[in-house]
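Okay, upload-v1.cif is below, mmCIF, C-alpha atoms and all ligand atoms:
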data_run
loop_
_atom_site.label_atom_id
_atom_site.label_comp_id
_atom_site.auth_asym_id
_atom_site.auth_seq_id
_atom_site.Cartn_x
_atom_site.Cartn_y
_atom_site.Cartn_z
CA MET W 1 72.61 -81.81 108.64
CA ARG W 2 70.80 -84.95 107.47
CA ARG W 3 70.79 -85.76 103.74
CA LYS W 4 67.15 -84.87 103.12
CA GLY W 5 67.54 -81.56 104.93
CA ARG W 6 70.71 -80.78 102.98
CA LYS W 7 68.94 -81.49 99.68
CA GLN W 8 65.95 -79.37 100.67
CA LYS W 9 68.27 -76.45 101.31
CA GLU W 10 70.58 -77.02 98.35
CA VAL W 11 67.80 -77.48 95.77
CA ARG W 12 66.63 -73.93 96.48
CA THR W 13 69.98 -72.61 95.23
CA PHE W 14 69.74 -74.37 91.84
CA PRO W 15 69.21 -71.99 88.90
CA ASN W 16 66.55 -74.31 87.39
CA VAL W 17 64.43 -74.55 90.57
CA PHE W 18 61.85 -71.93 91.52
CA HIS W 19 60.11 -71.50 94.87
CA GLY W 20 58.78 -68.85 97.21
CA ASN W 21 56.61 -66.00 96.00
CA LEU W 22 54.34 -67.59 93.39
CA GLU W 23 53.32 -64.24 91.96
CA THR W 24 56.89 -63.61 90.76
CA ILE W 25 57.85 -67.18 89.85
CA SER W 26 56.16 -66.90 86.47
CA GLU W 27 58.48 -64.05 85.48
CA SER W 28 61.57 -65.86 86.80
CA VAL W 29 60.69 -69.05 84.90
CA GLN W 30 60.06 -67.04 81.75
CA LYS W 31 63.47 -65.38 82.13
CA TYR W 32 65.10 -68.77 82.70
CA PHE W 33 63.71 -70.29 79.50
CA ASN W 34 64.05 -67.02 77.60
CA ASN W 35 61.65 -68.13 74.83
CA ASN W 36 57.95 -68.62 74.18
CA GLN W 37 57.93 -72.36 73.61
CA PRO W 38 54.86 -74.39 74.62
CA VAL W 39 54.73 -75.40 78.29
CA VAL W 40 54.29 -78.99 79.51
CA LEU W 41 53.88 -79.81 83.22
CA GLU W 42 54.67 -82.91 85.24
CA LEU W 43 52.61 -82.77 88.43
CA GLY W 44 53.73 -84.52 91.62
CA CYS W 45 56.94 -85.02 89.66
CA GLY W 46 59.04 -86.60 92.42
CA ASN W 47 62.41 -87.23 90.74
CA GLY W 48 61.11 -85.70 87.50
CA GLU W 49 61.61 -88.60 85.12
CA TYR W 50 58.95 -87.34 82.68
CA THR W 51 60.29 -83.79 82.75
CA LEU W 52 63.83 -84.92 81.95
CA GLU W 53 63.06 -87.51 79.29
CA LEU W 54 60.49 -85.41 77.47
CA ALA W 55 62.70 -82.31 77.60
CA GLN W 56 65.48 -84.23 75.85
CA LYS W 57 63.05 -85.62 73.29
CA TYR W 58 61.32 -82.30 72.56
CA PRO W 59 63.84 -79.43 72.72
CA ASP W 60 61.22 -77.12 71.16
CA LYS W 61 59.02 -77.27 74.28
CA ASN W 62 59.58 -76.22 77.90
CA PHE W 63 59.02 -78.78 80.64
CA ILE W 64 58.31 -77.96 84.27
CA GLY W 65 58.16 -80.49 87.09
CA VAL W 66 56.07 -79.48 90.10
CA ASP W 67 56.21 -81.03 93.55
CA VAL W 68 55.88 -79.77 97.09
CA LYS W 69 58.87 -81.86 98.17
CA GLY W 70 62.14 -80.12 97.35
CA SER W 71 64.24 -83.11 98.38
CA ARG W 72 62.62 -85.17 95.58
CA ILE W 73 62.94 -82.39 93.01
CA TRP W 74 66.67 -82.23 93.88
CA THR W 75 67.33 -85.47 91.96
CA GLY W 76 65.75 -84.34 88.68
CA ALA W 77 66.99 -80.77 88.91
CA LYS W 78 70.58 -81.89 89.56
CA LYS W 79 70.43 -84.27 86.61
CA ALA W 80 69.04 -81.54 84.34
CA LEU W 81 71.95 -79.29 85.31
CA ASN W 82 74.55 -82.03 84.85
CA LEU W 83 73.14 -82.93 81.42
CA SER W 84 72.64 -79.26 80.43
CA ILE W 85 68.94 -79.81 79.74
CA ILE W 86 68.05 -76.15 79.35
CA ASN W 87 64.34 -76.63 78.57
CA ALA W 88 63.57 -78.28 81.93
CA ALA W 89 62.82 -76.48 85.19
CA PHE W 90 61.15 -77.27 88.50
CA ILE W 91 58.79 -75.45 90.84
CA ILE W 92 58.49 -76.31 94.53
CA THR W 93 54.88 -75.62 95.42
CA TYR W 94 51.46 -77.08 96.02
CA ILE W 95 49.76 -77.89 92.71
CA ASP W 96 46.60 -76.32 94.16
CA ARG W 97 48.28 -72.93 93.78
CA LEU W 98 49.57 -73.18 90.23
CA PHE W 99 46.97 -70.71 88.98
CA LEU W 100 49.02 -68.06 90.79
CA VAL W 101 52.06 -68.97 88.69
CA PHE W 102 50.30 -69.33 85.33
CA LYS W 103 47.93 -66.39 85.27
CA ASN W 104 47.02 -67.12 81.65
CA PRO W 105 46.15 -70.48 80.07
CA VAL W 106 49.51 -71.44 78.57
CA VAL W 107 49.93 -75.11 79.49
CA GLU W 108 49.78 -77.42 76.47
CA GLU W 109 49.97 -80.77 78.22
CA ILE W 110 50.03 -82.23 81.74
CA TRP W 111 51.55 -85.51 82.91
CA ILE W 112 50.44 -86.92 86.27
CA PRO W 113 52.51 -90.04 86.90
CA PHE W 114 51.54 -92.08 89.94
CA PRO W 115 49.94 -89.45 92.16
CA ASN W 116 49.21 -90.42 95.76
CA PRO W 117 45.89 -92.35 95.61
CA PHE W 118 44.55 -90.83 98.85
CA PRO W 119 42.22 -93.78 99.55
CA LEU W 120 40.53 -92.37 102.65
CA ARG W 121 37.21 -90.59 102.21
CA LYS W 122 38.41 -87.59 104.18
CA SER W 123 41.36 -87.06 101.80
CA ILE W 124 39.57 -87.50 98.44
CA LYS W 125 39.96 -83.75 97.91
CA GLN W 126 43.73 -84.25 97.73
CA ARG W 127 43.49 -86.48 94.65
CA LEU W 128 45.05 -84.68 91.70
CA VAL W 129 41.98 -85.46 89.58
CA HIS W 130 39.48 -84.10 92.12
CA LYS W 131 37.24 -81.33 90.74
CA ARG W 132 39.25 -78.88 92.87
CA PHE W 133 42.33 -79.65 90.74
CA ILE W 134 40.37 -79.89 87.48
CA ASP W 135 39.34 -76.27 88.14
CA VAL W 136 43.01 -75.32 88.50
CA TYR W 137 43.81 -77.10 85.21
CA ARG W 138 40.93 -75.22 83.57
CA LYS W 139 42.59 -71.95 84.56
CA ILE W 140 46.12 -72.76 83.41
CA CYS W 141 45.60 -75.00 80.35
CA LEU W 142 45.02 -74.22 76.71
CA PRO W 143 41.57 -75.47 75.60
CA LYS W 144 42.76 -78.64 73.87
CA ALA W 145 45.45 -79.50 76.43
CA ARG W 146 45.85 -83.21 77.06
CA ILE W 147 46.13 -84.55 80.59
CA HIS W 148 47.76 -87.94 81.14
CA LEU W 149 47.29 -89.96 84.32
CA LYS W 150 49.28 -93.11 85.12
CA THR W 151 48.42 -95.06 88.25
CA ASP W 152 48.60 -98.52 89.78
CA ASP W 153 45.55 -97.78 91.93
CA GLU W 154 42.19 -99.14 90.78
CA THR W 155 40.14 -96.85 93.02
CA LEU W 156 41.92 -93.76 91.70
CA TYR W 157 41.56 -95.02 88.11
CA ASN W 158 37.79 -95.50 88.49
CA TYR W 159 37.47 -92.22 90.36
CA ALA W 160 39.23 -90.34 87.54
CA LEU W 161 36.84 -91.88 84.98
CA LYS W 162 33.89 -90.77 87.15
CA VAL W 163 35.21 -87.19 87.42
CA ILE W 164 35.78 -87.07 83.64
CA GLU W 165 32.13 -88.02 83.10
CA GLU W 166 30.70 -85.75 85.80
CA GLU W 167 32.76 -82.75 84.68
CA ASN W 168 31.96 -83.28 81.00
CA LEU W 169 35.61 -83.70 80.10
CA LYS W 170 36.68 -85.49 76.93
CA LEU W 171 38.01 -89.00 77.44
CA ILE W 172 40.69 -89.72 74.85
CA ALA W 173 42.15 -93.02 76.07
CA ALA W 174 41.75 -95.38 79.02
CA THR W 175 43.18 -98.77 79.86
CA ASP W 176 43.46 -100.68 83.11
CA ASP W 177 46.44 -102.60 81.70
CA LEU W 178 48.75 -100.20 79.88
CA TYR W 179 51.53 -102.70 79.20
CA ASN W 180 49.12 -104.99 77.33
CA SER W 181 47.39 -102.22 75.43
CA GLU W 182 47.78 -100.37 72.14
CA PHE W 183 48.89 -97.28 74.10
CA TYR W 184 52.12 -98.82 75.37
CA LYS W 185 54.59 -96.94 73.18
CA ASP W 186 56.63 -93.72 72.99
CA GLU W 187 56.33 -91.53 76.12
CA LEU W 188 54.11 -94.04 77.87
CA LYS W 189 57.18 -96.26 78.13
CA ILE W 190 58.94 -93.72 80.36
CA GLN W 191 59.14 -95.25 83.82
CA THR W 192 59.16 -93.32 87.07
CA LYS W 193 60.53 -94.43 90.42
CA TYR W 194 57.05 -95.35 91.67
CA GLU W 195 56.16 -97.13 88.43
CA ILE W 196 59.23 -99.35 88.74
CA GLN W 197 58.27 -100.13 92.33
CA HIS W 198 54.66 -100.99 91.39
CA LEU W 199 55.82 -103.24 88.55
CA HIS W 200 58.20 -104.96 90.95
CA ASP W 201 55.20 -105.56 93.25
CA GLY W 202 53.32 -107.18 90.34
CA LYS W 203 50.79 -104.36 89.94
CA LYS W 204 49.10 -103.52 86.63
CA ILE W 205 49.68 -100.01 85.36
CA LYS W 206 46.57 -98.06 84.38
CA TYR W 207 46.44 -95.07 82.06
CA ILE W 208 43.92 -92.36 81.22
CA CYS W 209 44.25 -89.48 78.78
CA PHE W 210 41.63 -86.72 78.68
CA SER W 211 41.20 -83.13 77.65
CA LEU W 212 39.21 -80.36 79.30
CA THR W 213 37.15 -79.54 76.20
C1 LIG W 301 53.51 -91.14 94.92
S1 LIG W 301 54.63 -89.85 94.57
C2 LIG W 301 55.00 -90.13 92.83
C3 LIG W 301 56.25 -89.43 92.40
C4 LIG W 301 56.59 -89.60 90.91
N1 LIG W 301 55.57 -89.01 90.07
C5 LIG W 301 56.78 -91.04 90.54
O1 LIG W 301 55.93 -91.59 89.82
O2 LIG W 301 57.80 -91.62 90.95
C6 LIG W 301 53.53 -88.46 94.50
C7 LIG W 301 54.24 -87.11 94.55
O3 LIG W 301 53.25 -86.09 94.44
C8 LIG W 301 53.56 -85.03 95.34
N2 LIG W 301 52.29 -84.34 95.65
C9 LIG W 301 51.14 -84.91 96.08
N3 LIG W 301 50.17 -83.98 96.22
C10 LIG W 301 50.73 -82.80 95.86
C11 LIG W 301 50.25 -81.45 95.79
N4 LIG W 301 48.98 -81.13 96.10
N5 LIG W 301 51.11 -80.49 95.39
C12 LIG W 301 52.40 -80.79 95.08
N6 LIG W 301 52.91 -82.04 95.12
C13 LIG W 301 52.09 -83.03 95.50
C14 LIG W 301 54.23 -85.71 96.52
O4 LIG W 301 55.07 -84.81 97.22
C15 LIG W 301 55.01 -86.84 95.84
O5 LIG W 301 56.33 -86.46 95.52
#
Encoded form using structure tokens:
Amino acid sequence: MRRKGRKQKEVRTFPNVFHGNLETISESVQKYFNNNQPVVLELGCGNGEYTLELAQKYPDKNFIGVDVKGSRIWTGAKKALNLSIINAAFIITYIDRLFLVFKNPVVEEIWIPFPNPFPLRKSIKQRLVHKRFIDVYRKICLPKARIHLKTDDETLYNYALKVIEEENLKLIAATDDLYNSEFYKDELKIQTKYEIQHLHDGKKIKYICFSLT
């Protein structure tokens, strides 16, 4: 079996990875953490750099990385197991369906590092800051939850600002040059695989923080 296929299969056997019936995942995740700590999500987590680093920094919170690609989640989930990071878990699913996992608004914070920009008009609905996703966040987030977006893509950055205005969301921070801004500290210094690649390509990293109310 090829490496990607092997990872896709193997990741589904990890005790910190949840997949399949979304209606029952919530209970399984709850059992895994076995506490009522606040929940923080990393959406489109890829290798899960934010999930792992934040989980180690904040042991009093639970971190969940979400991605539809199990082979990418494999990397972060394996690392979490090797390092015994017990407050980190992963869910293999489409973000669009997360309201089936979190039936009550429990999410305290969301990180969206370097989502696919989906530049074509026909795929705008796939952008993780499209109103379709904002409506999902409205269902699963606590009222004051903060949502952080990092991107290298100018179109996505401007689009997110437009959605924030149109949807009456609260803009907390925005910069089109994170590394030369006052916001470049603490968790914003965590680098993901895509961020490293974009920096290598000479791109400027943009950052937006907003809340739903
Ligand atoms: C460009 S990659 C970035 C990965 C990682 N955040 C990073 O910065 O290295 C975007 C990730 O989002 C995931 N993704 C995109 N849309 C998604 C959706 N609707 N549901 C779940 N995952 C999604 C993709 O599978 C991919 O792993």
Margin query: Please list as an NGL selection string every residue within 8 Å of Tyr157 (chain W), counting all atoms listed in the file and excluding residues in the same chain fewer than 5 positions away.
Written below: :W and (151 or 176 or 206-208)
Notebook entry, point to check: What does the distance from CA of Lys57 (chain W) to CA of Ile92 (chain W) come to in Å, to one decimal?
Noted result: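 According to the coordinates, CA of Lys57 (chain W) and CA of Ile92 (chain W) are separated by 23.6 Å.
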Next item on the list: Using only C-alpha atoms and all ligand atoms, find each residue with an atom at most 8 Å away from ligand LIG 301 (chain W) and format the answer as JSON, numbers by chain.
Entry: {"W": [42, 43, 44, 45, 46, 47, 48, 49, 66, 67, 68, 69, 72, 92, 93, 94, 95, 96, 112, 113, 114, 115, 116, 117, 126, 127, 128, 191, 192, 193, 194, 195]}
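Taking CA of Trp111 (chain W) as the reference point, CA of Ser28 (chain W) is found at 22.4 Å.
Of the listed residues (W:Ile25, W:Ile147, W:Val101, W:Ile64), W:Ile64 comes nearest to Val39 (chain W); the distances count all atoms listed in the file.
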Margin query: Just checking: using all atoms listed in the file, which residue out of W:Gln30, W:Val17, W:Cys141, W:Lys189 ends up closest to Asn104 (chain W)?
Written below: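 Smallest separation from Asn104 (chain W) among the options: W:Cys141.
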Check: What separation in Å, quoted to one decimal, exists between CA of Val129 (chain W) and CA of Ala89 (chain W)?
Finding: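 Taking CA of Val129 (chain W) as the start and CA of Ala89 (chain W) as the end point, the length is 23.1 Å.
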Axis-aligned box for all listed atoms of region 38-49 of chain W, 5 Å per side, centre and edges in Å to one decimal, as AutoDock Vina command-line options:
--center_x 57.5 --center_y -81.5 --center_z 83.5 --size_x 19.8 --size_y 24.2 --size_z 27.8
Checklist line | Residues near Ala80 (chain W), cut-off 12 Å, only C-alpha atoms, skip fewer than 3 positions along chain, as JSON, numbers by chain | finding: {"W": [14, 15, 16, 17, 47, 48, 49, 50, 51, 52, 53, 54, 55, 56, 63, 64, 65, 73, 74, 75, 76, 77, 83, 84, 85, 86, 87, 88, 89, 90]}
Check: For Leu98 (chain W), which residue among W:Ala173, W:Ile190, W:Ala160, W:Ile134 is the nearest when counting all atoms listed in the file?
Finding: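 Nearest to Leu98 (chain W): W:Ile134.
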Notebook entry, point to check: Could you pull the residues within 7 Å of Lys144 (chain W), counting only C-alpha atoms, minus those fewer than 4 positions along the same chain, as a list in words?
Noted result: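 In the requested format, the answer is Ser211, Leu212 and Thr213 of chain W.
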